[in-house]
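Read through the structure below, which is laid out as structure tokens, and then see the notes.
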Amino acid sequence: MTIHNPRLPSPNFFLVSSGTLDIQVRNAIYSINDFLLMAQDLKQVRVKIFDELSAIVDPEINVSITELELIDEVDIQDSNVKVDLHLTSPFCPAVFGFKICQDVHDNLLKIDGIEDVKVNVSNHFMAEQINNQVNNSPNPHKKE
């Protein structure tokens with residue numbers, strides 16, 4: 001005997017009296033479970049990214065870049081991460097700007113599952129050169 005479950009969105013979804021779900025419902029549940037696992041994985045990656053960014057300090061003033069609110073945006077797409085940030089001033093010494101950006105690049109590449117990191121520093125007189133140098137640097141954690 002098959003009984004329609006009114007809480008399900010379509011009459012094509014039925015609950016079988018033996019307690020098993022119709023194949024369509026089972027597939028939907030598997031998809032939801034896969035989505036929840038992916039969401040949990042993404043949350044864990046976001047926490048790891050935040051932890052790594054919090055560990056990076058401005059070498060001139062020895063304060064975390066997250067505490068200084070230098071991170072503008074972090075975009076995660078599969079195993080690729082893009083970080084948009086600004087430095088403490090447009091004329092921050094280039095060597096310090098480069099160090100911060102290189103640390104962002106290298107520290108995020110330590111995280112399992114992240115294969116590529118692009119850093120985009122803006123509002124700095126050497127932004128283009130810093131971005132090119134950092135984004136063309138090899139992954140120091142990749143074994144070749």
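Ligands are numbered from 1 in the order shown, residues from 1 within each chain, and chains are lettered A, B, ... in the order they appear in the structure tokens.
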
Residues of stretch 26-108 of chain A in strand (DSSP E or B) according to DSSP, as a PyMOL selection string?
chain A and resi 57+64+71-77+80-86

A:Thr66 environment, 10 Å, only C-alpha atoms, sequence neighbours closer than 4 positions dropped, as an mmCIF file with N, CA and C atoms, in the first residue's frame:
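File written: selection34.cif
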```
data_model
loop_
_atom_site.group_PDB
_atom_site.id
_atom_site.type_symbol
_atom_site.label_atom_id
_atom_site.label_comp_id
_atom_site.auth_asym_id
_atom_site.auth_seq_id
_atom_site.Cartn_x
_atom_site.Cartn_y
_atom_site.Cartn_z
ATOM 1 N N PHE A 50 40.181 31.664 7.114
ATOM 2 C CA PHE A 50 40.182 32.754 8.095
ATOM 3 C C PHE A 50 41.321 32.572 9.099
ATOM 4 N N ASP A 51 41.532 31.345 9.547
ATOM 5 C CA ASP A 51 42.620 31.084 10.494
ATOM 6 C C ASP A 51 43.983 31.437 9.894
ATOM 7 N N GLU A 52 44.190 31.041 8.636
ATOM 8 C CA GLU A 52 45.466 31.348 7.973
ATOM 9 C C GLU A 52 45.641 32.856 7.772
ATOM 10 N N LEU A 53 44.572 33.532 7.366
ATOM 11 C CA LEU A 53 44.666 34.982 7.172
ATOM 12 C C LEU A 53 44.903 35.701 8.500
ATOM 13 N N SER A 54 44.310 35.190 9.561
ATOM 14 C CA SER A 54 44.485 35.801 10.886
ATOM 15 C C SER A 54 45.910 35.664 11.396
ATOM 16 N N ALA A 55 46.624 34.667 10.905
ATOM 17 C CA ALA A 55 48.004 34.433 11.347
ATOM 18 C C ALA A 55 49.009 35.351 10.646
ATOM 19 N N ILE A 56 48.579 36.029 9.586
ATOM 20 C CA ILE A 56 49.477 36.902 8.821
ATOM 21 C C ILE A 56 49.465 38.286 9.459
ATOM 22 N N VAL A 57 50.646 38.800 9.722
ATOM 23 C CA VAL A 57 50.743 40.120 10.349
ATOM 24 C C VAL A 57 51.423 41.110 9.410
ATOM 25 N N ASP A 58 51.041 42.354 9.562
ATOM 26 C CA ASP A 58 51.718 43.433 8.862
ATOM 27 C C ASP A 58 53.116 43.534 9.462
ATOM 28 N N LEU A 70 42.208 44.474 6.451
ATOM 29 C CA LEU A 70 42.792 44.677 5.126
ATOM 30 C C LEU A 70 42.182 43.767 4.068
ATOM 31 N N ILE A 71 41.476 42.722 4.486
ATOM 32 C CA ILE A 71 40.861 41.789 3.530
ATOM 33 C C ILE A 71 39.524 42.363 3.080
ATOM 34 N N ASP A 72 39.389 42.563 1.772
ATOM 35 C CA ASP A 72 38.148 43.105 1.224
ATOM 36 C C ASP A 72 37.164 42.005 0.848
#
```

Among the residues A:Val45, A:Ile100, A:Leu108, A:Val117, the one that comes closest to A:Asn80 [using only C-alpha atoms]:
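Selected residue with least distance to A:Asn80: A:Val117.
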
Atom CA of A:Ala127 to atom CA of A:Leu85, distance in Å rounded to a single decimal:
10.4 Å

Of the candidates A:Leu87, A:Pro140, A:Pro93, A:Val134, which one gets nearest to A:Ser122 if we count only C-alpha atoms?
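Selected residue with least distance to A:Ser122: A:Leu87.
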
Hey, what does DSSP flag as helix (DSSP H, G or I) within stretch 108-139 of chain A? Can you give it to me as a PyMOL selection string?
chain A and resi 108+127-135

Write out as a list in words the residues lying within 7 Å of A:Ser79, counting only C-alpha atoms and excluding same-chain residues fewer than 4 positions away.
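Residues near the query, excluding close chain neighbours: Gly113, Ile114, Glu115 and Asp116 of chain A.
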
Atoms to include: C-alpha atoms. Write the selected residues as a JSON list (two decimals), in the first residue's frame.
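This is the output file part39.json:
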```json
[["chain", "number", "residue", "atom", "x", "y", "z"],
["A", 113, "GLY", "CA", 41.85, 21.11, -1.16],
["A", 114, "ILE", "CA", 43.10, 24.52, -2.30],
["A", 115, "GLU", "CA", 45.03, 24.23, -5.55],
["A", 116, "ASP", "CA", 45.31, 27.85, -6.69]]
```

Write out as an mmCIF file with N, CA and C atoms, in the first residue's frame the residues lying within 12 Å of A:Phe96, counting only C-alpha atoms and excluding same-chain residues fewer than 4 positions away.
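So the final result, stored in around29.cif, reads:
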```cif
data_model
loop_
_atom_site.group_PDB
_atom_site.id
_atom_site.type_symbol
_atom_site.label_atom_id
_atom_site.label_comp_id
_atom_site.auth_asym_id
_atom_site.auth_seq_id
_atom_site.Cartn_x
_atom_site.Cartn_y
_atom_site.Cartn_z
ATOM 1 N N ILE A 56 48.579 36.029 9.586
ATOM 2 C CA ILE A 56 49.477 36.902 8.821
ATOM 3 C C ILE A 56 49.465 38.286 9.459
ATOM 4 N N VAL A 57 50.646 38.800 9.722
ATOM 5 C CA VAL A 57 50.743 40.120 10.349
ATOM 6 C C VAL A 57 51.423 41.110 9.410
ATOM 7 N N ASP A 58 51.041 42.354 9.562
ATOM 8 C CA ASP A 58 51.718 43.433 8.862
ATOM 9 C C ASP A 58 53.116 43.534 9.462
ATOM 10 N N PRO A 59 54.175 43.349 8.665
ATOM 11 C CA PRO A 59 55.532 43.311 9.226
ATOM 12 C C PRO A 59 56.002 44.651 9.795
ATOM 13 N N GLU A 60 55.355 45.711 9.413
ATOM 14 C CA GLU A 60 55.772 47.030 9.896
ATOM 15 C C GLU A 60 55.214 47.328 11.288
ATOM 16 N N ILE A 61 53.977 46.876 11.553
ATOM 17 C CA ILE A 61 53.348 47.216 12.835
ATOM 18 C C ILE A 61 52.982 45.990 13.671
ATOM 19 N N ASN A 62 53.241 44.799 13.137
ATOM 20 C CA ASN A 62 53.045 43.541 13.859
ATOM 21 C C ASN A 62 51.611 43.328 14.367
ATOM 22 N N ILE A 65 46.476 41.046 9.738
ATOM 23 C CA ILE A 65 45.797 41.726 8.627
ATOM 24 C C ILE A 65 44.280 41.644 8.755
ATOM 25 N N LEU A 87 46.220 47.560 1.291
ATOM 26 C CA LEU A 87 47.268 47.715 2.292
ATOM 27 C C LEU A 87 46.932 48.899 3.199
ATOM 28 N N THR A 88 47.744 49.105 4.203
ATOM 29 C CA THR A 88 47.431 50.128 5.203
ATOM 30 C C THR A 88 47.417 51.537 4.617
ATOM 31 N N SER A 89 48.178 51.758 3.543
ATOM 32 C CA SER A 89 48.147 53.059 2.869
ATOM 33 C C SER A 89 48.589 52.865 1.424
ATOM 34 N N PRO A 90 48.218 53.796 0.541
ATOM 35 C CA PRO A 90 48.632 53.672 -0.866
ATOM 36 C C PRO A 90 50.145 53.702 -1.049
ATOM 37 N N PHE A 91 50.858 54.250 -0.079
ATOM 38 C CA PHE A 91 52.315 54.336 -0.187
ATOM 39 C C PHE A 91 53.022 53.511 0.883
ATOM 40 N N CYS A 92 52.329 52.479 1.353
ATOM 41 C CA CYS A 92 52.956 51.507 2.253
ATOM 42 C C CYS A 92 54.212 50.991 1.550
ATOM 43 N N ILE A 100 53.169 40.776 2.708
ATOM 44 C CA ILE A 100 51.796 40.444 3.120
ATOM 45 C C ILE A 100 51.118 39.604 2.042
ATOM 46 N N CYS A 101 51.196 40.053 0.798
ATOM 47 C CA CYS A 101 50.527 39.341 -0.293
ATOM 48 C C CYS A 101 51.127 37.963 -0.531
ATOM 49 N N GLN A 102 52.431 37.853 -0.446
ATOM 50 C CA GLN A 102 53.071 36.550 -0.626
ATOM 51 C C GLN A 102 52.675 35.601 0.500
ATOM 52 N N ASP A 103 52.581 36.119 1.726
ATOM 53 C CA ASP A 103 52.133 35.292 2.854
ATOM 54 C C ASP A 103 50.697 34.811 2.653
ATOM 55 N N HIS A 124 47.263 50.739 -4.222
ATOM 56 C CA HIS A 124 48.672 50.861 -3.821
ATOM 57 C C HIS A 124 49.471 51.248 -5.050
ATOM 58 N N MET A 126 52.234 50.296 -6.114
ATOM 59 C CA MET A 126 52.915 49.164 -6.755
ATOM 60 C C MET A 126 51.988 47.948 -6.909
ATOM 61 N N ILE A 130 53.125 44.002 -7.578
ATOM 62 C CA ILE A 130 52.946 43.041 -6.480
ATOM 63 C C ILE A 130 52.057 41.891 -6.928
#
```
